[in-house]
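Visitor: Take this structure, written in structure tokens, and hold onto it; I'll ask about it next.
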There are 2 protein chains.
Amino acid sequence: MGKITGVSPFAPSVLVKLPPIEGVAFATAEAGIRYKKRTDLLLAVLDEGTSVAGVLTQSKTASAPVLLCRKNLKKGSARALVVNSGNANAFTGKRGREAVDITVEHAVEAVGCKPHDVFVASTGVIGEPLDAAKFAHLLADLAESVEADAFEAAARAIMTTDTYPKLATRKAVIGGTEVTINGFCKGAGMIAPDMATMLCFIFTDAAVPADVLQDLVGAHVKTTFNCMTVDGDTSTSDTCLVFATGSAAERGQKPVTKAKSKKLKPFSDALHDLMRDLAIQVAKDGEGLSKFVTFEVEGAKSWEAARAIALACANSPILKTAIAGEDPNWGRVVMAVGKSGQAADRDKLTIWFGPHCVARDGERAPDYDESTAAAYMKNREIVIRIAVGVGKASATVWTCDLTHDYVSINADYRS
Amino acid sequence: MGKITGVSPFAPSVLVKLPPIEGVAFATAEAGIRYKKRTDLLLAVLDEGTSVAGVLTQSKTASAPVLLCRKNLKKGSARALVVNSGNANAFTGKRGREAVDITVEHAVEAVGCKPHDVFVASTGVIGEPLDAAKFAHLLADLAESVEADAFEAAARAIMTTDTYPKLATRKAVIGGTEVTINGFCKGAGMIAPDMATMLCFIFTDAAVPADVLQDLVGAHVKTTFNCMTVDGDTSTSDTCLVFATGSAAERGQKPVTKAKSKKLKPFSDALHDLMRDLAIQVAKDGEGLSKFVTFEVEGAKSWEAARAIALACANSPILKTAIAGEDPNWGRVVMAVGKSGQAADRDKLTIWFGPHCVARDGERAPDYDESTAAAYMKNREIVIRIAVGVGKASATVWTCDLTHDYVSINADYRS
């Protein structure tokens with residue numbers, strides 16, 4: 001780990017408490033994979049009948065665990081999730097696949113399930129062989145000691161350069177029955193769309209078939225994790241899995257068969273809201289950040305175009321460093337809009353920094369006042385709104401600034 | 001200007017001396033547009049009969065001077081070039097266009113030419129109205145005092161955050177007659193393809209018609225300036241213009257009519273070599289850099305794919321900071337290849353840091369030695385070669401590392 005000079009200014013003073021979910025239990029261990037004196041291994045055990053859906057990295061150099069998840073998602077059922085931190089088991093060739101195989105074998109034995117019910121995720125250094133022998137033997141004991149009320153411990157075991165665990169919980173009602181959705185995730189650097197989260201695990205007691213769950217998570221990832229970026233660097237390991245134990249059916253939850261059914265809308269909305277919450281928490285723990293930044297683009301030709309413009313801003317090193325320097329350098333917003341390649345009418349372009357219009361109709365706003373804009377930049381949360389004047393679509397992207405601490409953390413990550 | 005902690009380690013101890021070119025003369029002035037006590041205004045006067053070609057930024061928010069150049073390039077003739085530093089005259093609306101008009105008017109009068117023979121370029125802060133009245137009146141005096149032997153002074157007048165002027169010269173023979181090509185350029189931040197250079201001006205005494213010159217510069221920009229990046233941020237002002245006075249015709253140079261003619265090949269090669277030289281000089285003066293980095297990608301499906309993979313590496317903040325930290329973190333190269341979206345065979349991927357193979361066939365090289373790789377990273381010039389194993393095409397991209405000084409310079413650019 002690099003020289004982390006402190007925790008994110010957005011680290012919550014009190015962590016949200018996640019209620020237990022029937023059919024989900026966790027155990028963690030200190031396997032010493034890379035880190036010392038902290039947990040780095042997580043086992044989640046899921047009741048029989050748990051459905052699963054997920055979205056995985058689009059990277060062409062995806063990790064061995066990602067390939068396993070991609071395969072097992074096709075079956076749609078889950079009984080065990082094994083996650084390690086400290087080593088991504090990415091670009092580890094044949095040995096990487098063997099490490100996954102060994103992990104699955106031990107999980108199958110520990111939990112008593114089929115191989116296709118096991119999901120594996122790894123996060124940490126890329127290219128270092130992962131020695132599964134270091135931790136696979138621990139899974140049997142872990143399976144004996146799982147607890148339902150252990151979401152925070154689970155979230156802590158999967159952290160890498162994160163400065164706080166990211167947790168969220170929501171309630172929703174499906175046809176008269178209340179269900180719970182809990183989620184946690186990790187990620188601080190090498191964070192960009194195409195599954196932006198690195199690792200995110202969501203659990204619910206709702207009874208939702210895998211194909212319906214897949215429709216929901218597939219749609220919601222687009223406007224949550226894939227609208228968040230720290231450094232534009234897409235990880236080899238990005239994984240977002242949603243597990244639905246279905247225990248709410250025993251409490252009377254009626255079956256659902258379609259993602260678009262009216263009955264499922266409150267659940268879908270709550271799931272979206274939870275994913276958005278977690279995505280924002282990742283941006284708020286971006287490596288070395290001092291500010292959380294929201295780019296809101298409107299007046300674009302399509303949602304895709306609006307998102308592309310917002311991402312061009314959110315991934316611009318020269319704009320992100322200006323924000324770190326509390327410089328209201330809106331000229332760099334103009335640059336980023338221009339380089340996005342998306343349609344924009346330069347002579348209608350209007351930009352706001354918070355409530356202050358800094359540029360209107362293609363030039364500096366007539367009443368622009370540098371000191372007002374500079375004062376706004378002292379805020380810890382910055383909202384930059386951009387109207388591009390060619391259509392009606394809008395999109396929002398969350399990110400953070402680019403600071404000296406980002407350089408410090410990443411210049412020395414492995415040393 | 002930001003806190004620049006020093007000059008680039010690649011600043012030449014002795015600047016290359018550019019010989020005069022018949023038909024080209026320069027004058028510079030301290031107009032006080034933004035900087036104090038340094039030149040910030042350049043006038044180049046070109047003999048009658050000078051042809052011109054060029055490539056301009058693809059930005060959707062291109063500056064007013066870029067729009068003028070785009071229009072005047074269609075006529076293909078040039079008599080005057082006016083460049084100012086300190087203000088980009090970009091995103092300045094109607095006033096921006098007026099500033100260009102005023103500049104052209106004064107240049108027409110000073111040089112005695114047609115409006116379409118005047119080319120204008122501006123570089124510096126975006127969004128600040130440029131007051132042409134500050135300098136347009138100086139052009140008449142400048143036109144009286146132009147000198148042929150003034151390339152270095154010209155290059156200095158157009159600098160912004162550059163720590164040294166970038167100059168290059170080549171000789172070539174066209175059908176038995178020797179011609180000279182001189183060029184200079186500026187650029188240190190907000191540098192990325194789609195004309196990467198910000199501003200580059202090239203002058204030759206060769207007699208080459210505008211359409212032939214356009215074919216050459218269009219082709220050569222692709223593999224020179226557009227294969228160079230500092231921060232992935234495409235400027236609103238990128239301009240590369242080539243002026244050919246044709247005075248070599250008086251010394252017997254035979255006319256040329258086709259870019260592909262055999263007679264023109266030595267000239268074309270020399271022009272390419274000069275553009276490559278200048279592009280590398282820009283990367284070597286990247287804001288805050290400590291290392292110059294070359295990414296060589298081979299085994300790709302096409303040149304475009306190879307370039308896209310090399311650029312994904314060269315624009316990755318997390319990889320560039322690792323290089324700044326002298327960390328041989330080749331896992332981040334794997335990540336960047338993966339995020340490029342281009343075809344690559346993960347299990348054939350092979351990576352070299354200088355002469356050292358660090359990864360072979362999709363995993364860490366069997367004889368990988370961390371201390372050897374770490375020792376290599378102490379070099380000031382780093383070459384990273386990547387074989388992606390799916391084809392025969394290759395491409396090279398030049399960049400620099402991402403350091404604390406980049407953050408310092410850009411956090412405080414306007415303060």
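Order determines the names: the first chain of the structure tokens is A, the second B, and so forth; residues in each chain are numbered 1 upward, and ligands are numbered 1 upward as they are shown.
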If we count only C-alpha atoms, what is near stretch 265-281 of chain B at a cut-off of 6 Å, once residues fewer than 5 positions away on the same chain are taken out, given as a list in words?
Guide: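 So, after excluding close chain neighbours, the residues are Ala172, His220, Thr224 and Phe225 of chain B.
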Visitor: Which residues in stretch 172-380 of chain A does DSSP call strand (DSSP E)? List them as a ChimeraX atom specification.
Guide: /A:172-174,177-186,199-204,239-244,292-300,350-353,356-360,363-364
Visitor: Quick one, how far is atom CA of B:Leu68 from atom CA of B:Val100?
Guide: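 About the pair atom CA of B:Leu68 and atom CA of B:Val100: they are 7.8 Å apart.
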Visitor: Report the closest atom pair, with its distance in Å rounded to one decimal, for each residue of chain A that has an atom no farther than 6 Å from chain B; count only C-alpha atoms, sort by chain and then rising residue number, and write it as a tab-separated table.
Guide:
```
residue	atom	partner	partner_atom	distance
A:Ser59	CA	B:Gly338	CA	4.5
A:Lys60	CA	B:Gly338	CA	4.2
A:Thr61	CA	B:Gly338	CA	4.5
A:Phe91	CA	B:Glu363	CA	5.3
A:Thr92	CA	B:Glu363	CA	4.6
A:Gly93	CA	B:Glu363	CA	4.9
A:Ile126	CA	B:Gly331	CA	4.6
A:Gly127	CA	B:Gly331	CA	5.2
A:Thr234	CA	B:Lys339	CA	5.5
A:Thr236	CA	B:Met335	CA	5.9
A:Thr321	CA	B:Ala411	CA	4.9
A:Ala322	CA	B:Ala411	CA	4.2
A:Gly325	CA	B:Ala411	CA	4.0
A:Gly331	CA	B:Ile126	CA	4.7
A:Met335	CA	B:Thr236	CA	5.9
A:Gly338	CA	B:Lys60	CA	4.2
A:Lys339	CA	B:Ser59	CA	5.1
A:Arg346	CA	B:Thr61	CA	5.5
A:Gly362	CA	B:Gly93	CA	5.3
A:Glu363	CA	B:Thr92	CA	4.7
A:His404	CA	B:His404	CA	5.5
A:Val407	CA	B:Thr321	CA	5.6
A:Asn410	CA	B:Ala322	CA	5.7
A:Ala411	CA	B:Gly325	CA	4.0
A:Asp412	CA	B:Gly325	CA	5.9
```
Visitor: Excluding A:Ala153 and any residue of its chain fewer than 3 positions from it, enumerate the residues within 10 Å of it, using only C-alpha atoms, and give them as a list in words.
Guide: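 Skipping anything fewer than 3 positions along the chain leaves Phe26, Ala27, Thr28, Ala29, Thr39, Leu42, Asp149, Ala150, Arg156, Ala157, Ile158 and Pro165 of chain A.
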Visitor: Any idea what's packed within 6 Å of B:Met228, counting only C-alpha atoms, ignoring anything in its chain fewer than 4 positions away? Could you give it as a ChimeraX atom specification?
Guide: /B:397-399
Visitor: Leaving out A:Ala210 and any residue of its chain fewer than 6 positions from it, which residues lie within 10 Å of it when counting only C-alpha atoms, given as a list in words?
Guide: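 The residues satisfying every condition are Thr50, Ser51, Val52, Ala53, Gly54, Leu73, Lys74, Lys75, Gly76, Ser77, Ala78, Leu216, Val242, Phe243, Ala244 and Thr257 of chain A.
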Visitor: Near A:His137, counting only C-alpha atoms, which residues have an atom at most 7 Å away, once you skip same-chain residues fewer than 3 positions from it, shown as an mmCIF file with C-alpha atoms, in the first residue's frame?
Guide:
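part-v4.cif, freshly written:
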```cif
data_model
loop_
_atom_site.group_PDB
_atom_site.id
_atom_site.type_symbol
_atom_site.label_atom_id
_atom_site.label_comp_id
_atom_site.auth_asym_id
_atom_site.auth_seq_id
_atom_site.Cartn_x
_atom_site.Cartn_y
_atom_site.Cartn_z
ATOM 1 C CA HIS A 106 -12.762 -26.185 -1.056
ATOM 2 C CA ALA A 133 -3.121 -22.919 -0.657
ATOM 3 C CA ALA A 140 -14.128 -25.277 6.005
#
```
Visitor: What is the atom CA of A:Lys254-atom CA of A:Ile181 distance in Å, reported with one decimal?
Guide: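 Atom-to-atom, atom CA of A:Lys254 to atom CA of A:Ile181, that is 17.0 Å.
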Visitor: DSSP on the backbone, then: every residue of stretch 41-181 of chain B marked helix (DSSP H, G or I), written as a ChimeraX atom specification.
Guide: /B:64-73,93-111,115-117,132-134,136-144,151-157
Visitor: Please produce a file of the residues just selected, as a compact mmCIF listing (two decimals), in the first residue's frame, where the atoms kept are N, CA and C atoms.
Guide:
```
# COMPACT_ATOMS: atom_id res chain seq x y z
N ALA B 64 -11.61 30.50 -31.97
CA ALA B 64 -11.87 31.40 -33.11
C ALA B 64 -10.71 31.39 -34.10
N PRO B 65 -9.45 31.44 -33.66
CA PRO B 65 -8.35 31.39 -34.64
C PRO B 65 -8.33 30.09 -35.45
N VAL B 66 -8.69 28.96 -34.80
CA VAL B 66 -8.73 27.69 -35.51
C VAL B 66 -9.75 27.76 -36.65
N LEU B 67 -10.89 28.37 -36.38
CA LEU B 67 -11.92 28.49 -37.43
C LEU B 67 -11.41 29.34 -38.60
N LEU B 68 -10.67 30.40 -38.28
CA LEU B 68 -10.09 31.23 -39.35
C LEU B 68 -9.12 30.41 -40.19
N CYS B 69 -8.21 29.69 -39.53
CA CYS B 69 -7.22 28.88 -40.26
C CYS B 69 -7.91 27.86 -41.15
N ARG B 70 -8.95 27.22 -40.59
CA ARG B 70 -9.66 26.20 -41.36
C ARG B 70 -10.22 26.81 -42.66
N LYS B 71 -10.75 28.03 -42.54
CA LYS B 71 -11.31 28.71 -43.72
C LYS B 71 -10.20 29.07 -44.71
N ASN B 72 -9.14 29.68 -44.19
CA ASN B 72 -8.10 30.19 -45.10
C ASN B 72 -7.24 29.09 -45.71
N LEU B 73 -7.18 27.94 -45.06
CA LEU B 73 -6.42 26.83 -45.63
C LEU B 73 -6.99 26.41 -46.98
N GLY B 93 -16.81 33.57 -27.85
CA GLY B 93 -18.01 34.03 -28.56
C GLY B 93 -17.74 35.04 -29.65
N LYS B 94 -18.69 35.99 -29.76
CA LYS B 94 -18.63 37.00 -30.80
C LYS B 94 -17.37 37.85 -30.66
N ARG B 95 -17.02 38.17 -29.41
CA ARG B 95 -15.83 38.98 -29.19
C ARG B 95 -14.57 38.28 -29.67
N GLY B 96 -14.59 36.94 -29.58
CA GLY B 96 -13.44 36.16 -30.05
C GLY B 96 -13.27 36.30 -31.55
N ARG B 97 -14.40 36.23 -32.26
CA ARG B 97 -14.34 36.37 -33.72
C ARG B 97 -13.91 37.79 -34.10
N GLU B 98 -14.39 38.77 -33.32
CA GLU B 98 -14.00 40.16 -33.59
C GLU B 98 -12.50 40.35 -33.39
N ALA B 99 -11.95 39.72 -32.34
CA ALA B 99 -10.52 39.85 -32.08
C ALA B 99 -9.72 39.29 -33.25
N VAL B 100 -10.19 38.18 -33.82
CA VAL B 100 -9.51 37.61 -34.98
C VAL B 100 -9.63 38.56 -36.18
N ASP B 101 -10.82 39.12 -36.37
CA ASP B 101 -11.02 40.04 -37.50
C ASP B 101 -10.09 41.25 -37.39
N ILE B 102 -9.98 41.80 -36.19
CA ILE B 102 -9.11 42.97 -35.99
C ILE B 102 -7.66 42.60 -36.30
N THR B 103 -7.26 41.42 -35.82
CA THR B 103 -5.89 40.96 -36.05
C THR B 103 -5.62 40.83 -37.55
N VAL B 104 -6.58 40.22 -38.26
CA VAL B 104 -6.40 40.04 -39.71
C VAL B 104 -6.31 41.39 -40.40
N GLU B 105 -7.20 42.31 -40.05
CA GLU B 105 -7.19 43.64 -40.67
C GLU B 105 -5.83 44.31 -40.55
N HIS B 106 -5.31 44.28 -39.32
CA HIS B 106 -4.01 44.93 -39.10
C HIS B 106 -2.88 44.20 -39.82
N ALA B 107 -2.97 42.88 -39.89
CA ALA B 107 -1.93 42.12 -40.59
C ALA B 107 -1.97 42.41 -42.09
N VAL B 108 -3.17 42.50 -42.64
CA VAL B 108 -3.34 42.83 -44.06
C VAL B 108 -2.66 44.15 -44.39
N GLU B 109 -2.90 45.12 -43.52
CA GLU B 109 -2.33 46.45 -43.74
C GLU B 109 -0.81 46.43 -43.57
N ALA B 110 -0.35 45.72 -42.53
CA ALA B 110 1.07 45.72 -42.21
C ALA B 110 1.88 45.01 -43.29
N VAL B 111 1.36 43.91 -43.79
CA VAL B 111 2.12 43.06 -44.71
C VAL B 111 1.78 43.39 -46.17
N PRO B 115 -6.82 39.22 -47.08
CA PRO B 115 -7.25 38.64 -45.79
C PRO B 115 -7.08 37.12 -45.74
N HIS B 116 -7.30 36.44 -46.91
CA HIS B 116 -7.20 34.98 -46.84
C HIS B 116 -5.76 34.48 -46.79
N ASP B 117 -4.81 35.42 -46.85
CA ASP B 117 -3.39 35.04 -46.74
C ASP B 117 -2.89 35.14 -45.30
N ALA B 132 -7.75 42.38 -28.70
CA ALA B 132 -6.83 42.51 -29.83
C ALA B 132 -6.23 43.91 -29.89
N ALA B 133 -6.92 44.87 -29.29
CA ALA B 133 -6.41 46.24 -29.29
C ALA B 133 -5.07 46.32 -28.56
N LYS B 134 -4.82 45.34 -27.70
CA LYS B 134 -3.56 45.32 -26.96
C LYS B 134 -2.35 45.09 -27.85
N ALA B 136 -2.78 44.46 -31.79
CA ALA B 136 -2.95 44.56 -33.25
C ALA B 136 -2.18 45.76 -33.81
N HIS B 137 -2.14 46.85 -33.04
CA HIS B 137 -1.46 48.06 -33.53
C HIS B 137 0.05 47.87 -33.63
N LEU B 138 0.58 46.83 -32.98
CA LEU B 138 2.02 46.58 -33.02
C LEU B 138 2.46 45.93 -34.33
N LEU B 139 1.49 45.35 -35.07
CA LEU B 139 1.86 44.55 -36.24
C LEU B 139 2.56 45.38 -37.32
N ALA B 140 2.16 46.64 -37.49
CA ALA B 140 2.77 47.47 -38.52
C ALA B 140 4.27 47.62 -38.26
N ASP B 141 4.61 47.94 -37.01
CA ASP B 141 6.04 48.07 -36.65
C ASP B 141 6.77 46.75 -36.79
N LEU B 142 6.11 45.69 -36.37
CA LEU B 142 6.75 44.36 -36.45
C LEU B 142 7.07 44.02 -37.91
N ALA B 143 6.14 44.34 -38.82
CA ALA B 143 6.34 44.02 -40.23
C ALA B 143 7.56 44.75 -40.80
N GLU B 144 7.87 45.91 -40.21
CA GLU B 144 9.04 46.68 -40.65
C GLU B 144 10.34 46.08 -40.15
N PHE B 151 14.48 32.21 -35.70
CA PHE B 151 13.60 31.08 -35.37
C PHE B 151 13.50 30.86 -33.85
N GLU B 152 14.62 31.00 -33.16
CA GLU B 152 14.56 30.75 -31.72
C GLU B 152 13.69 31.81 -31.02
N ALA B 153 13.86 33.05 -31.41
CA ALA B 153 13.03 34.12 -30.82
C ALA B 153 11.56 33.87 -31.12
N ALA B 154 11.27 33.38 -32.33
CA ALA B 154 9.88 33.08 -32.70
C ALA B 154 9.33 31.97 -31.81
N ALA B 155 10.12 30.92 -31.61
CA ALA B 155 9.67 29.78 -30.80
C ALA B 155 9.46 30.20 -29.35
N ARG B 156 10.26 31.11 -28.85
CA ARG B 156 10.11 31.56 -27.46
C ARG B 156 8.84 32.37 -27.25
N ALA B 157 8.45 33.13 -28.26
CA ALA B 157 7.28 34.02 -28.11
C ALA B 157 5.98 33.24 -27.97
```
Visitor: Between B:Glu30, B:Asp369, B:Glu22, B:Asp162, which has the minimum distance to B:Leu199 (counting only C-alpha atoms)?
Guide: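 Of the candidates, the smallest distance to B:Leu199 is held by B:Asp162.
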Visitor: Could you name the residues that touch A:Val293 at 8 Å or less, counting only C-alpha atoms, but leaving out those on the same chain fewer than 6 positions away, as a list in words?
Guide: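 Listing them by chain and then by number gives Glu381, Ile382, Val383, Ile384, Trp398, Thr399, Cys400 and Asp401 of chain A.
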Visitor: To one decimal place in Å, what is the distance between atom CA of B:Lys263 and atom CA of B:Gly175?
Guide: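 Computed distance, atom CA of B:Lys263 to atom CA of B:Gly175, equals 5.7 Å.
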